[in-house]
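Chemist: First, the structure itself, so that you have it in front of you.
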Amino acid sequence: MRNRNNPDSGTIKESRFPPSLFAIFLSTLLLMTGIHTGLIVLVNRMEWNVFIQTIVPIAYWGMVAVVLTLFTRREIRAVYEEPMHKLAEATSRVANGDFSVYVPTIHTQDKWDYLDVMIMDFNKMVEELGSIETLKTDFVSNVSHEMKTPIAIIKNYAELLEAEHITDEQRKEYAESIEGAAMRLSSLISNILKLNKLENQRITPEAEFYDVSRQLCECILQFEDAWDEKELELDAEIEDAAMIKADESLLELVWNNLLSNAVKFTEPGGTITVKQTSNDGFIKVTVSDTGCGMDHNSIKHIFDKFYQEDTSHSREGNGLGLALVKRVLELSDGDIQVFSEQGKGSTFVVTLPAAGALRTGNGGKS
Ligand SMILES: Nc1ncnc2c1ncn2[C@@H]1O[C@H](COP(=O)(O)OP(=O)(O)OP(=O)(O)O)[C@@H](O)[C@H]1O
Ligand SMILES: [Mg+2]
């Protein structure tokens with residue numbers, strides 16, 4: 001018997017047959033041979049005829065063979081066949097799409113052998129398959145749900161446009177609603193495609209050296225109209241230059257989503273702060289807002305696909321932005337942390353490895 005170390009249970013038996021089997025066989029054979037010799041002596045003493053002298057040992061060994069066959073069959077059935085049948089039955093249920101299957105181990109933890117380990121691995125595999133299946137089903141139902149609303153809007157407003165007596169103003173309003181819904185659909189599909197591509201990607205093939213502080217300023221400028229509209233105050237403290245090696249277009253997704261969330265979840269008159277610093281070979285970008293903030297439970301889920309705290313979908317978006325941000329940062333060796341308090345605001349801190357930061361001075365507040 002060879003023992004294998006198992007991190008969970010100490011040692012795992014590598015064989016189902018104990019070395020004592022040899023002793024059992026040896027003593028049984030010795031006993032049988034002893035009885036056989038005794039029988040021969042008895043037959044000779046009794047001076048039975050030749051036919052009986054021949055038939056008695058044959059009948060005796062025949063009985064021994066039957067007993068040994070029954071014993072071996074019982075052992076093989078208990079040791080191998082029963083667990084294998086249970087496993088085969090469970091496998092066929094999994095093959096038919098039932099992922100609730102659980103096969104109990106044969107022994108208790110202190111007596112585990114390699115078949116118990118195989119059964120535990122099987123249970124783990126089924127659990128994993130089940131969670132992938134749930135993710136897939138959830139994903140499809142989320143996508144269908146997110147698509148339904150804009151499609152319904154397009155349908156309703158298109159019907160209204162068909163009416164004969166509508167004013168130019170109404171026509172414009174309906175057309176704008178259709179355009180908005182179409183844009184929402186298009187952004188949903190493009191985010192799903194981006195996420196799908198990033199999830200199957202292990203590296204960032206377009207990584208190149210560039211100045212992330214320039215990129216941050218450009219992204220902030222894109223939101224100028226949105227700040228103005230909501231009368232938000234912007235505080236930006238960004239270095240003159242900070243070089244990193246990353247995929248510029250992917251990191252643009254990160255900044256745009258953090259900024260758009262800050263604008264979206266901050267009430268008019270609030271303040272948004274963007275800060276970028278370089279330290280110890282890392283570049284840190286902080287986006288803070290004085291918006292609605294999040295509770296503890298929401299913080300745990302914001303990086304899940306399609307998660308939105310506001311389930312009424314009154315605010316635009318599909319809940320894919322932060323899932324994309326997380327995946328981009330994973331691919332770029334970066335990290336993101338969230339600090340938030342309900343009613344007070346949120347702070348997102350992104351850390352990325354610097355590529356020899358070129359610091360030429362500090363930017364002022366704007
Ligand atoms: N700055 C923030 N303040 C408060 N809540 C936030 C903030 N950022 C994100 N959240 C919460 O996290 C959820 C997920 O954010 P995420 O960016 O993934 O989706 P979204 O902005 O709703 O939609 P999308 O990014 O797809 O347009 C948001 O719906 C919101 O509930
Ligand atoms: Mg977002």
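Each chain in the structure tokens gets a letter, A, B, ..., in the order shown, and its residues are numbered from 1; ligands are numbered from 1 in order too.
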Please identify every polymer residue within 6 Å of ligand 1, using only C-alpha atoms and all ligand atoms, and present the set as a ChimeraX atom specification.

Modeler: /A:257,261-262,265,291-294,302,307-310,317-323,346

Chemist: I'd like to know which residues of region 116-209 of chain A are helix (DSSP H, G or I) (by DSSP, run on the backbone); could you write them as JSON, numbers by chain?

Modeler: {"A": [116, 117, 118, 119, 120, 121, 122, 123, 124, 125, 126, 127, 128, 129, 130, 131, 132, 133, 134, 135, 136, 137, 138, 139, 140, 141, 142, 143, 144, 145, 146, 147, 148, 149, 150, 151, 152, 153, 154, 155, 156, 157, 158, 159, 160, 161, 162, 168, 169, 170, 171, 172, 173, 174, 175, 176, 177, 178, 179, 180, 181, 182, 183, 184, 185, 186, 187, 188, 189, 190, 191, 192, 193, 194, 195, 196, 197, 198, 199]}

Chemist: State, in Å with one decimal place, the distance from CA of Pro83 (chain A) to CA of Ala95 (chain A).

Modeler: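 Separation between CA of Pro83 (chain A) and CA of Ala95 (chain A): 18.2 Å.
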
Chemist: Quick check for you: according to DSSP on this backbone, which residues of region 47-220 of chain A are classed as strand (DSSP E)? Reply as an MDAnalysis selection string.

Modeler: chainID A and resid 208:211

Chemist: Write the selection just made, keeping C-alpha atoms, as an mmCIF file, in the first residue's frame?

Modeler:
```cif
data_model
loop_
_atom_site.group_PDB
_atom_site.id
_atom_site.type_symbol
_atom_site.label_atom_id
_atom_site.label_comp_id
_atom_site.auth_asym_id
_atom_site.auth_seq_id
_atom_site.Cartn_x
_atom_site.Cartn_y
_atom_site.Cartn_z
ATOM 1 C CA GLU A 208 2.400 50.725 -25.219
ATOM 2 C CA PHE A 209 4.094 53.558 -23.299
ATOM 3 C CA TYR A 210 1.905 56.624 -22.992
ATOM 4 C CA ASP A 211 1.113 59.539 -20.716
#
```

Chemist: Using only C-alpha atoms, which residues sit within 12 Å of region 229-239 of chain A once same-chain residues fewer than 2 positions away are excluded, as a PyMOL selection string?

Modeler: chain A and resi 211-221+223-227+241-243+259+262-279+283-291+357-366

Chemist: CA of Glu127 (chain A) to CA of Asp98 (chain A): how many Å, to one decimal?

Modeler: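 According to the coordinates, CA of Glu127 (chain A) and CA of Asp98 (chain A) are separated by 10.6 Å.
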
Chemist: How many Å lie between CA of Asp247 (chain A) and CA of Leu329 (chain A), rounded to one decimal?

Modeler: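 Between CA of Asp247 (chain A) and CA of Leu329 (chain A) the gap works out to 10.3 Å.
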
Chemist: Which residues are near Lys148 (chain A)? Cut-off 12 Å, only C-alpha atoms, ignore same chain within fewer than 5 positions. Put them as a list in words.

Modeler: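 Listed by chain and then number, they are Ser141, Asn142, Val143, Ile153, Ile154, Lys155, Ala181, Ala182, Arg184, Leu185 and Leu188 of chain A.
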
Chemist: Using only C-alpha atoms and all ligand atoms, find the one residue out of A:Lys245, A:Lys111, A:Lys13, A:Lys326 that sits nearest to ligand 2.

Modeler: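 Between A:Lys245, A:Lys111, A:Lys13, A:Lys326, the residue approaching ligand 2 most closely is A:Lys326.
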